[in-house]
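A short write-up of the structure that comes next.
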Amino acid sequence: MSFKKIVYILLFCCFILIGCTNGKALNDSSEASVDDPLVLRLGHNMNEDHPVHTALDKFRTEIQDRSNGRIRIIIYPNGQLGSEPLMLEQMQAGVLDIVKVAAPQMSDYSMGYEAFGLPFLFESEEHFKTVMNSDAMKEFFMEEGNGFITLTYFTAGQRSFYTKDTPILKPEDLSGLNIRVQELSAQMEMVTAMGGTPIAMEYGEVYPSLQSGLIDGTENNEISLTNGYHGEVAKAYSYTQHARIPDVLVVNEQLWERLDLQDQEMFLEVAEEITEEFYDLWDKEVEEAINMAKNEMDVEFYEDIDIKPFQEKTEHIIDSYVAMDPGIEQVVDIIRNN
């Protein structure tokens with residue numbers, strides 16, 4: 001067992017003890033007060049400079065202010081409490097209350113979320129926003145019985161390939177390259193179908209793996225070039241725009257049921273507001289990241305790539321996943337019908 005895994009397990013146990021001894025249990029949020037607040041724990045894996053953390057900090061302060069101090073949120077960034085799957089396990093156990101994860105990570109609890117990791121489903125950022133704000137998607141997010149409720153989502157922009165020195169202008173350019181992907185089966189199948197070799201690893205391991213040569217490249221948005229310092233090593237960013245994988249903010253379902261109706265409405269209202277504000281914040285961060293990557297890191301951006309050959313290589317993946325589970329089919333239909 002790795003040292004990191006041992007640390008995460010110890011943290012998990014400590015939080016269980018804290019959760020069991022942290023004051024009296026409140027039957028519902030209406031019993032909370034300034035002197036005896038409902039204290040919630042929120043975990044995510046981004047650093048404090050990332051726009052997601054900025055949005056979550058706004059969520060924290062708005063909930064505290066609008067509840068007049070009755071509800072407080074403690075944020076644990078930087079993957080302090082482990083990987084996204086491990087944080088989800090903690091949430092399901094009631095140790096963590098709220099978690100921000102990439103949407104496909106929720107597929108262990110609700111298979112429909114697997115659809116968000118499929119390639120070339122969203123036609124553009126405008127299509128993405130229309131779909132994600134649709135009534136059908138909101139109903140999907142609020143489905144009960146899976147141990148969680150999805151409060152909202154955050155755009156993570158488009159995902160494209162970037163490598164140390166090889167632009168990816170056609171699928172054949174991936175041949176012989178080790179490409180880091182998230183620990184998502186659809187992403188691994190996508191890179192394989194395009195001709196590359198997928199290497200699944202955590203985001204925090206990407207930079208040293210690029211440096212050491214363990215991987216030749218990865219796929220992500222432009223902000224990762226600067227926020228993750230990947231642009232110091234990876235110099236060729238190719239706009240394949242093969243995926244748009246949202247982040248989701250999920251809350252433990254038992255906790256959700258302990259919030260009274262007024263507080264539930266407050267949570268959803270604040271969540272919707274920060275998601276809308278996040279689009280502007282994201283666009284600004286992307287623009288700044290591109291300028292910094294070009295001017296300070298000498299990253300070259302390859303645009304106007306013909307994505308049709310990439311789509312043709314991967315279109316069978318969507319069909320196979322739709323046939324796999326009705327939940328996946330439900331989400332794919334929502335995306336295609338909006």
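Residue numbering restarts at 1 in every chain; chains get A, B, ... in the order shown in the structure tokens, and ligands count up from 1 in that same order.
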Practice problem: Extract the full set of helix (DSSP H, G or I) residues from stretch 99-297 of chain A according to DSSP on the backbone, and format it as an MDAnalysis selection string. | Solution: chainID A and resid 103:108 111:117 125:132 135:141 171:174 185:194 203:212 223:227 230:232 253:258 261:297
Quiz prompt | Residue neighbourhood A:Pro119, 7 Å, only C-alpha atoms, exclusion window fewer than 2 positions, as a PyMOL selection string | solution = chain A and resi 117+121+242-243
Could you please take those selected residues and save C-alpha atoms as a PDB file, in the first residue's frame?
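Dumped to result00.pdb:
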ATOM      1  CA  GLY A 117     -17.061  11.517 -20.626  1.00  0.00           C
ATOM      2  CA  LEU A 121     -21.241  14.839 -27.817  1.00  0.00           C
ATOM      3  CA  HIS A 242     -12.940  16.222 -28.467  1.00  0.00           C
ATOM      4  CA  ALA A 243     -14.826  16.607 -25.197  1.00  0.00           C
TER       5      ALA A 243
END
Practice problem: Please provide as a list in words all residues within 10 Å of A:Gln262, with the sequence filter that same-chain residues fewer than 6 positions apart are discarded (counting only C-alpha atoms). | Solution: Ser29, Ser30 and Ser67 of chain A
Exercise. Give the answer as one residue: which of A:Asn338, A:Lys58, A:Lys170, A:Gly213 has the shortest atom-to-atom distance to A:Asp304, using only C-alpha atoms?
Key: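 Going through A:Asn338, A:Lys58, A:Lys170, A:Gly213 one by one, the smallest distance to A:Asp304 is for A:Lys170.
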Quiz item: stretch 306-317 of chain A: which residues within 6 Å, counting only C-alpha atoms, same-chain residues fewer than 2 positions away excluded, as a PyMOL selection string?
Solution: chain A and resi 171+193-194+319-320
Those in stretch 163-210 of chain A with strand (DSSP E) from DSSP, as a compact mmCIF listing (two decimals) with N, CA, C and O atoms, in the first residue's frame:
# COMPACT_ATOMS: atom_id res chain seq x y z
N THR A 163 0.98 18.14 -26.28
CA THR A 163 2.13 17.25 -26.16
C THR A 163 3.41 18.05 -25.99
O THR A 163 3.43 19.27 -26.15
N ASN A 178 2.32 8.13 -25.53
CA ASN A 178 1.65 7.87 -24.26
C ASN A 178 0.91 9.13 -23.83
O ASN A 178 1.55 10.17 -23.60
N ILE A 179 -0.41 9.03 -23.72
CA ILE A 179 -1.23 10.20 -23.44
C ILE A 179 -1.95 10.02 -22.10
O ILE A 179 -2.69 9.04 -21.91
N ARG A 180 -1.72 10.95 -21.20
CA ARG A 180 -2.43 10.88 -19.93
C ARG A 180 -3.91 11.18 -20.12
O ARG A 180 -4.29 12.09 -20.86
N VAL A 181 -4.75 10.39 -19.45
CA VAL A 181 -6.19 10.64 -19.43
C VAL A 181 -6.66 10.54 -17.99
O VAL A 181 -5.95 10.03 -17.11
N THR A 197 -1.70 5.62 -26.82
CA THR A 197 -1.69 4.73 -25.67
C THR A 197 -2.12 5.52 -24.44
O THR A 197 -1.39 6.42 -24.00
N PRO A 198 -3.29 5.23 -23.87
CA PRO A 198 -3.78 6.00 -22.72
C PRO A 198 -3.07 5.59 -21.43
O PRO A 198 -2.85 4.41 -21.18
N ILE A 199 -2.72 6.58 -20.64
CA ILE A 199 -2.12 6.36 -19.32
C ILE A 199 -2.99 7.11 -18.31
O ILE A 199 -3.01 8.34 -18.29
N ALA A 200 -3.72 6.38 -17.48
CA ALA A 200 -4.61 7.01 -16.50
C ALA A 200 -3.81 7.43 -15.27
O ALA A 200 -3.03 6.65 -14.73
Quiz item: Quick one, how far is atom CA of A:Ile71 from atom CA of A:Leu259?
Solution: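 According to the coordinates, atom CA of A:Ile71 and atom CA of A:Leu259 are separated by 10.1 Å.
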Quiz item: Which residues, written as a PyMOL selection string, have at least one atom at most 8 Å from A:Tyr239, with only C-alpha atoms counted and residues fewer than 3 positions away on the same chain left out?
Solution: chain A and resi 159-161+301-305
Self-check item: Near-A:Pro246 list (8 Å; only C-alpha atoms; drop same-chain fewer than 6 positions) as a list in words
Solution: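 Contacts, with the query itself left out: Ala102, Ala103, Phe116, Tyr153, Phe154, Thr155, Ala156 and Gly157 of chain A.
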Could you dump the residues just selected with all heavy atoms as a JSON list (two decimals), in the first residue's frame?
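The resulting file, result_35.json, is reproduced below:
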[["chain", "number", "residue", "atom", "x", "y", "z"],
["A", 102, "ALA", "N", -15.31, 15.74, -11.42],
["A", 102, "ALA", "CA", -15.66, 15.63, -12.83],
["A", 102, "ALA", "C", -16.90, 14.74, -12.93],
["A", 102, "ALA", "O", -16.99, 13.70, -12.27],
["A", 102, "ALA", "CB", -14.51, 15.01, -13.61],
["A", 103, "ALA", "N", -17.86, 15.16, -13.73],
["A", 103, "ALA", "CA", -19.16, 14.49, -13.78],
["A", 103, "ALA", "C", -19.07, 12.96, -13.96],
["A", 103, "ALA", "O", -19.80, 12.22, -13.29],
["A", 103, "ALA", "CB", -20.03, 15.11, -14.86],
["A", 116, "PHE", "N", -21.13, 11.91, -19.79],
["A", 116, "PHE", "CA", -20.40, 13.17, -19.89],
["A", 116, "PHE", "C", -18.95, 12.98, -20.31],
["A", 116, "PHE", "O", -18.29, 13.94, -20.70],
["A", 116, "PHE", "CB", -20.48, 13.93, -18.57],
["A", 116, "PHE", "CG", -21.85, 14.42, -18.21],
["A", 116, "PHE", "CD1", -22.57, 13.83, -17.18],
["A", 116, "PHE", "CD2", -22.43, 15.45, -18.93],
["A", 116, "PHE", "CE1", -23.84, 14.28, -16.86],
["A", 116, "PHE", "CE2", -23.71, 15.90, -18.62],
["A", 116, "PHE", "CZ", -24.42, 15.31, -17.57],
["A", 153, "TYR", "N", -23.43, 22.60, -11.87],
["A", 153, "TYR", "CA", -22.29, 22.16, -12.67],
["A", 153, "TYR", "C", -21.40, 23.38, -12.93],
["A", 153, "TYR", "O", -21.79, 24.53, -12.75],
["A", 153, "TYR", "CB", -22.76, 21.59, -14.01],
["A", 153, "TYR", "CG", -23.25, 22.67, -14.96],
["A", 153, "TYR", "CD1", -22.40, 23.23, -15.92],
["A", 153, "TYR", "CD2", -24.55, 23.18, -14.87],
["A", 153, "TYR", "CE1", -22.84, 24.25, -16.76],
["A", 153, "TYR", "CE2", -24.98, 24.19, -15.71],
["A", 153, "TYR", "CZ", -24.13, 24.72, -16.65],
["A", 153, "TYR", "OH", -24.56, 25.73, -17.46],
["A", 154, "PHE", "N", -20.17, 23.12, -13.35],
["A", 154, "PHE", "CA", -19.26, 24.17, -13.81],
["A", 154, "PHE", "C", -18.70, 23.76, -15.17],
["A", 154, "PHE", "O", -18.32, 22.60, -15.36],
["A", 154, "PHE", "CB", -18.09, 24.37, -12.85],
["A", 154, "PHE", "CG", -18.49, 24.78, -11.46],
["A", 154, "PHE", "CD1", -18.36, 23.91, -10.39],
["A", 154, "PHE", "CD2", -19.02, 26.04, -11.22],
["A", 154, "PHE", "CE1", -18.72, 24.28, -9.12],
["A", 154, "PHE", "CE2", -19.39, 26.42, -9.94],
["A", 154, "PHE", "CZ", -19.24, 25.54, -8.88],
["A", 155, "THR", "N", -18.65, 24.70, -16.09],
["A", 155, "THR", "CA", -17.97, 24.39, -17.33],
["A", 155, "THR", "C", -16.49, 24.18, -17.06],
["A", 155, "THR", "O", -15.90, 24.84, -16.21],
["A", 155, "THR", "CB", -18.14, 25.52, -18.37],
["A", 155, "THR", "OG1", -17.44, 25.15, -19.56],
["A", 155, "THR", "CG2", -17.58, 26.84, -17.87],
["A", 156, "ALA", "N", -15.91, 23.23, -17.75],
["A", 156, "ALA", "CA", -14.47, 23.04, -17.71],
["A", 156, "ALA", "C", -13.88, 23.27, -19.10],
["A", 156, "ALA", "O", -12.77, 22.85, -19.40],
["A", 156, "ALA", "CB", -14.12, 21.64, -17.20],
["A", 157, "GLY", "N", -14.69, 23.94, -19.93],
["A", 157, "GLY", "CA", -14.22, 24.27, -21.27],
["A", 157, "GLY", "C", -14.08, 23.05, -22.16],
["A", 157, "GLY", "O", -14.52, 21.95, -21.84]]
